[in-house]
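Raw contents of upload22.txt, compact mmCIF, C-alpha atoms:
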```txt
# COMPACT_ATOMS: atom_id res chain seq x y z
CA MET A 1 0.00 0.00 0.00
CA GLU A 2 2.80 2.45 0.89
CA ALA A 3 4.60 1.64 -2.37
CA PHE A 4 1.41 2.38 -4.33
CA ARG A 5 1.03 5.63 -2.37
CA LYS A 6 4.52 6.80 -3.32
CA ILE A 7 4.44 5.71 -6.97
CA TYR A 8 0.83 6.71 -7.76
CA PRO A 9 -0.09 9.33 -5.13
CA SER A 10 -3.04 10.81 -7.07
CA GLU A 11 -4.64 7.42 -7.71
CA PHE A 12 -4.04 6.51 -4.06
CA TYR A 13 -5.89 9.60 -2.87
CA LYS A 14 -8.77 9.16 -5.30
CA LYS A 15 -9.50 5.72 -3.83
CA PHE A 16 -10.24 7.53 -0.58
CA LEU A 17 -11.90 10.65 -1.98
CA VAL A 18 -14.60 8.67 -3.79
CA GLN A 19 -15.64 7.52 -0.31
CA ASN A 20 -15.62 11.11 1.02
CA VAL A 21 -12.68 10.43 3.29
CA ARG A 22 -8.95 11.15 3.26
CA PRO A 23 -6.01 8.89 4.10
CA ASP A 24 -5.53 10.65 7.46
CA GLY A 25 -9.10 9.73 8.42
CA ARG A 26 -10.63 13.18 7.95
CA GLY A 27 -13.73 13.88 5.93
CA LEU A 28 -13.37 16.24 2.98
CA GLN A 29 -14.70 19.16 5.06
CA LYS A 30 -12.85 18.39 8.28
CA VAL A 31 -10.22 20.80 9.67
CA ARG A 32 -7.31 19.34 11.61
CA ARG A 33 -7.18 19.78 15.39
CA THR A 34 -6.30 23.36 16.26
CA THR A 35 -4.60 24.56 19.45
CA VAL A 36 -3.74 28.12 20.48
CA SER A 37 -1.67 29.44 23.37
CA VAL A 38 -0.43 32.94 24.16
CA GLY A 39 2.27 34.65 26.19
CA SER A 40 5.03 32.07 25.78
CA ILE A 41 7.69 34.61 24.68
CA THR A 42 8.35 36.78 27.72
CA THR A 43 10.69 39.15 25.86
CA ALA A 44 7.94 40.17 23.43
CA HIS A 45 5.04 42.52 24.09
CA GLY A 46 2.71 39.81 22.81
CA SER A 47 3.14 36.29 21.50
CA SER A 48 1.29 33.16 20.44
CA PHE A 49 1.80 29.55 19.48
CA VAL A 50 -0.64 28.04 17.00
CA LYS A 51 -0.82 24.48 15.79
CA ILE A 52 -3.13 23.15 13.06
CA GLY A 53 -2.51 19.46 12.71
CA ASN A 54 1.28 19.19 12.52
CA THR A 55 1.74 22.71 11.16
CA ALA A 56 3.11 24.77 14.05
CA LEU A 57 4.01 28.46 14.21
CA VAL A 58 5.13 30.93 16.82
CA CYS A 59 4.47 34.67 16.55
CA GLY A 60 6.14 37.41 18.56
CA VAL A 61 5.16 41.09 18.54
CA LYS A 62 7.51 43.88 19.58
CA ALA A 63 6.33 47.47 20.11
CA GLU A 64 8.42 50.58 19.56
CA ILE A 65 7.62 54.25 19.95
CA GLY A 66 8.15 56.80 17.23
CA ASN A 67 6.91 60.07 15.84
CA PRO A 68 3.13 60.54 15.71
CA ALA A 69 1.70 58.46 12.89
CA ALA A 70 0.36 60.36 9.93
CA ALA A 71 -2.55 59.26 7.77
CA GLY A 72 -1.49 56.22 5.78
CA ASP A 73 1.45 55.31 7.99
CA ARG A 74 1.71 51.58 8.64
CA GLN A 75 1.77 50.85 12.37
CA LEU A 76 1.90 47.07 11.99
CA VAL A 77 4.57 45.29 9.95
CA THR A 78 4.51 41.49 9.69
CA ASN A 79 7.31 39.18 8.62
CA VAL A 80 6.94 35.45 7.88
CA GLU A 81 9.85 33.01 7.98
CA LEU A 82 9.77 29.53 6.45
CA LEU A 83 13.17 28.08 7.31
CA PRO A 84 14.74 24.66 6.67
CA ILE A 85 14.05 23.74 10.30
CA CYS A 86 10.34 23.42 9.50
CA ASN A 87 10.62 21.52 6.22
CA ALA A 88 13.42 20.44 3.90
CA GLN A 89 11.70 22.08 0.91
CA PHE A 90 12.71 25.52 2.23
CA ARG A 91 16.23 26.90 1.91
CA PRO A 92 18.16 29.46 3.98
CA GLY A 93 18.70 32.93 2.59
CA LYS A 94 16.15 34.80 0.53
CA PRO A 95 12.53 34.31 1.75
CA SER A 96 10.57 31.82 -0.31
CA ASP A 97 7.80 32.99 -2.63
CA GLN A 98 5.29 31.33 -0.31
CA ALA A 99 6.58 33.20 2.74
CA HIS A 100 6.56 36.47 0.80
CA ALA A 101 2.98 35.92 -0.41
CA VAL A 102 1.68 35.13 3.08
CA ALA A 103 3.50 38.12 4.59
CA GLN A 104 2.10 40.39 1.87
CA LEU A 105 -1.45 39.29 2.61
CA LEU A 106 -0.99 39.74 6.36
CA ASN A 107 0.46 43.21 5.84
CA ASP A 108 -2.46 44.15 3.60
CA LEU A 109 -4.89 42.98 6.29
CA GLY A 110 -2.85 44.82 8.92
CA ALA A 111 -3.64 48.16 7.30
CA THR A 112 -7.18 48.05 8.75
CA LEU A 113 -6.64 45.59 11.58
CA LEU A 114 -5.69 47.85 14.48
CA ASP A 115 -7.79 50.25 16.47
CA THR A 116 -5.26 53.08 16.43
CA SER A 117 -6.97 55.05 19.22
CA ASN A 118 -4.79 53.34 21.85
CA LEU A 119 -1.61 53.45 19.76
CA THR A 120 -0.95 57.09 20.55
CA GLY A 121 0.25 58.75 23.73
CA GLU A 122 1.52 62.04 25.03
CA LEU A 123 4.49 62.99 27.16
CA SER A 124 5.51 66.41 28.41
CA SER A 125 7.86 66.54 25.43
CA GLY A 126 5.10 65.86 22.91
CA LYS A 127 2.98 63.13 21.36
CA TYR A 128 4.18 59.72 20.18
CA SER A 129 2.80 56.64 18.43
CA TRP A 130 3.36 52.93 18.91
CA TYR A 131 4.61 50.85 15.99
CA LEU A 132 4.26 47.07 16.07
CA TYR A 133 6.52 44.48 14.43
CA ALA A 134 5.28 40.91 14.20
CA ASP A 135 7.61 38.03 13.35
CA ILE A 136 6.07 34.66 12.51
CA TYR A 137 8.30 31.59 12.44
CA CYS A 138 7.15 28.21 11.21
CA LEU A 139 8.48 25.44 13.43
CA ASP A 140 6.88 22.53 11.58
CA TYR A 141 5.37 22.74 8.10
CA ASP A 142 2.62 20.31 7.14
CA GLY A 143 0.56 22.44 4.78
CA ASN A 144 -1.90 25.33 5.00
CA ILE A 145 0.52 27.94 6.27
CA LEU A 146 -1.83 30.88 5.62
CA ASP A 147 -4.57 29.82 8.04
CA ALA A 148 -2.08 29.10 10.80
CA ALA A 149 -0.07 32.29 10.21
CA LEU A 150 -3.12 34.56 10.31
CA ALA A 151 -4.45 32.86 13.44
CA SER A 152 -1.06 33.24 15.14
CA LEU A 153 -0.93 36.93 14.26
CA ILE A 154 -4.42 37.65 15.63
CA ALA A 155 -3.72 35.66 18.81
CA ALA A 156 -0.39 37.44 19.40
CA LEU A 157 -1.92 40.88 18.85
CA GLN A 158 -4.70 40.06 21.30
CA ASN A 159 -1.97 39.20 23.81
CA VAL A 160 -0.11 42.51 23.37
CA ARG A 161 0.16 44.73 26.42
CA LEU A 162 1.60 48.21 25.84
CA PRO A 163 3.44 49.77 28.80
CA THR A 164 2.60 53.18 30.18
CA LEU A 165 5.38 55.71 29.55
CA SER A 166 6.44 58.83 31.42
CA LEU A 167 9.38 61.21 31.65
CA SER A 168 11.47 61.56 34.78
CA ALA A 169 12.55 64.92 36.16
CA GLU A 170 15.84 64.40 34.33
CA GLY A 171 14.00 63.84 31.05
CA GLN A 172 14.62 60.08 30.94
CA LEU A 173 11.93 57.81 29.52
CA GLN A 174 10.37 55.62 32.22
CA VAL A 175 8.28 52.49 31.77
CA SER A 176 5.66 51.65 34.38
CA PRO A 177 6.20 48.09 35.68
CA THR A 178 2.49 47.58 36.35
CA ALA A 179 0.31 49.88 34.23
CA GLU A 180 -0.32 48.36 30.81
CA THR A 181 -2.76 49.00 27.97
CA ARG A 182 -4.37 46.14 26.10
CA LEU A 183 -4.23 46.40 22.33
CA SER A 184 -7.59 46.75 20.61
CA LEU A 185 -8.38 45.28 17.20
CA ALA A 186 -10.88 46.83 14.82
CA HIS A 187 -11.97 43.29 13.88
CA GLN A 188 -10.69 39.70 13.92
CA PRO A 189 -10.02 38.21 10.48
CA PHE A 190 -9.31 34.51 9.96
CA SER A 191 -8.97 32.38 6.86
CA LEU A 192 -9.96 28.93 5.68
CA SER A 193 -8.11 27.31 2.79
CA PHE A 194 -9.45 24.70 0.39
CA GLY A 195 -7.65 22.37 -1.96
CA LEU A 196 -8.99 21.65 -5.46
CA LEU A 197 -8.27 18.12 -6.63
CA GLU A 198 -10.16 17.58 -9.89
CA GLU A 199 -13.86 17.54 -8.91
CA TYR A 200 -13.15 17.38 -5.17
CA VAL A 201 -12.84 20.29 -2.73
CA ILE A 202 -10.97 19.47 0.47
CA VAL A 203 -10.65 21.67 3.54
CA ASP A 204 -7.35 22.46 5.27
CA PRO A 205 -5.02 20.46 2.98
CA ASN A 206 -1.86 19.05 4.53
CA ALA A 207 1.54 19.12 2.82
CA GLU A 208 1.07 15.81 1.03
CA GLU A 209 -2.31 16.90 -0.29
CA GLU A 210 -0.92 20.28 -1.38
CA SER A 211 1.57 18.50 -3.65
CA LEU A 212 -1.33 16.88 -5.54
CA LEU A 213 -3.69 19.83 -5.88
CA ASN A 214 -4.83 21.40 -9.13
CA GLY A 215 -5.55 24.67 -7.33
CA THR A 216 -6.47 26.32 -4.05
CA ILE A 217 -8.99 28.77 -2.65
CA SER A 218 -8.45 30.77 0.53
CA ILE A 219 -11.27 32.85 1.97
CA VAL A 220 -10.52 35.55 4.53
CA MET A 221 -13.49 36.54 6.68
CA ASP A 222 -13.75 38.53 9.89
CA ASP A 223 -15.73 37.89 13.07
CA ARG A 224 -18.59 40.03 11.73
CA GLY A 225 -19.05 37.85 8.66
CA ASN A 226 -17.44 40.29 6.23
CA VAL A 227 -15.52 38.67 3.37
CA LEU A 228 -12.18 40.50 3.21
CA ASN A 229 -10.43 38.54 0.49
CA VAL A 230 -10.81 35.51 -1.75
CA LEU A 231 -7.56 34.10 -3.11
CA LYS A 232 -7.52 31.52 -5.87
CA SER A 233 -4.62 29.79 -7.55
CA GLY A 234 -4.57 27.21 -10.32
CA GLY A 235 -6.60 27.01 -13.50
CA ILE A 236 -9.34 24.65 -12.33
CA GLY A 237 -12.78 26.26 -12.02
CA VAL A 238 -15.17 26.19 -9.06
CA SER A 239 -18.94 26.10 -9.43
CA GLU A 240 -21.07 28.69 -7.66
CA PRO A 241 -22.71 26.10 -5.35
CA LYS A 242 -19.29 24.84 -4.25
CA LEU A 243 -18.07 28.39 -3.68
CA ASP A 244 -21.16 29.12 -1.56
CA GLU A 245 -20.42 25.99 0.44
CA CYS A 246 -16.86 27.19 0.98
CA MET A 247 -18.19 30.53 2.22
CA ASN A 248 -20.47 28.80 4.73
CA LEU A 249 -17.67 26.57 5.96
CA THR A 250 -15.41 29.62 6.38
CA LYS A 251 -18.07 31.43 8.42
CA LYS A 252 -18.36 28.40 10.69
CA ARG A 253 -14.58 28.13 11.01
CA VAL A 254 -14.22 31.81 11.96
CA LYS A 255 -16.75 31.36 14.77
CA GLU A 256 -14.83 28.33 16.03
CA LEU A 257 -11.52 30.21 16.03
CA VAL A 258 -13.02 33.23 17.80
CA THR A 259 -14.32 30.89 20.51
CA VAL A 260 -10.97 29.10 20.83
CA LEU A 261 -9.09 32.41 21.06
CA ASP A 262 -11.52 33.87 23.61
CA GLN A 263 -11.10 30.78 25.79
CA THR A 264 -7.32 30.95 25.48
CA LEU A 265 -7.18 34.65 26.39
CA SER A 266 -9.53 34.15 29.36
CA ALA A 267 -7.28 31.40 30.72
CA SER A 268 -4.03 33.33 30.22
```
Can the structure from this file be put into structure tokens for me?
Amino acid sequence: MEAFRKIYPSEFYKKFLVQNVRPDGRGLQKVRRTTVSVGSITTAHGSSFVKIGNTALVCGVKAEIGNPAAAGDRQLVTNVELLPICNAQFRPGKPSDQAHAVAQLLNDLGATLLDTSNLTGELSSGKYSWYLYADIYCLDYDGNILDAALASLIAALQNVRLPTLSLSAEGQLQVSPTAETRLSLAHQPFSLSFGLLEEYVIVDPNAEEESLLNGTISIVMDDRGNVLNVLKSGGIGVSEPKLDECMNLTKKRVKELVTVLDQTLSAS
């Protein structure tokens, strides 16, 4: 069976798909087990660890102060790293196209993600703004990096605590050891990715499944049900009923992730 799987992977998968099941035991619409934790990086202002199946990522957020932000200034910059430590397909050096694409999407979402009302402050010397830098590192890659990366970013931002600043009589910047401000988000976007394998649509494809796909669809939706982005790759078409089904599954998934994150934050 394993020899057949390696030599004829597509045919191997189709034997399962015709029975509406996958080799790992999941149904076609089943997402892998998802776990979220926050606050594991004590040197960061906010952090998270997210695992979807075997895909595991850690996100750390550092905050810096700077000149007051002007209209259009980006106050959240996100970087994504896919290093050889997570999978042999990635190489050291220049970021992979996949890492660049995911980072670009997260940065685009970041433009409207933050509630900037609590990212500004004032000292006796004048006003200042907070600027956030999020670094996402993949520790173990087993497919569907986008969903895990976005979830890790949202979880880490929800964990951010900004210190209260003041100036001493000598003009030195002081950080309060106790008074902190929780970061507010304008909304909570999450994504759900689908793999297109001929006439089949599978949810949350793993790395093996990704290597067989004819195309993918990723839907980004926020906690209010607003569709923020629909990304499609590959030349295979998707019927309107299947796309509607994907939308409904994404809406359900977003509600699940919001619940998981709320529980995690309440316990932290």
Original post:
Using all atoms listed in the file, which of the listed residues (A:Gln158, A:Asn226, A:Asn214, A:Asn206) sits closest to A:Asp24?
Top reply: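 So, comparing all the options, the nearest one is A:Asn206.
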Subject >> Contacts of A:Gly72 at 12 Å (only C-alpha atoms; same-chain gap of 4+ positions) as an NGL selection string >> reply: :A and (68 or 76 or 110-112 or 116)
**OP:** Find the distance between atom CA of A:Ser218 and atom CA of A:Ser233 and write it in Å to one decimal.
**Re:**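 Those two atoms sit 9.0 Å apart.
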**OP:** Counting all atoms listed in the file, write as a PyMOL selection string all protein and nucleic acid residues lying at most 12 Å from (2.1, 36.2, 1.1) in the file's frame.
**Re:** chain A and resi 78-82+95-109+145-147+149-150+218+231
Subject >> Selected residue of minimal separation from A:Leu28 among A:Leu265, A:Val203, A:Ala134, A:Val77, counting only C-alpha atoms >> reply: A:Val203
Subject >> Nearest-residue call for A:Asp204, choices A:Pro189, A:Gly121, A:Gly143, A:Gly93, using all atoms listed in the file >> reply: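 Nearest to A:Asp204: A:Gly143.
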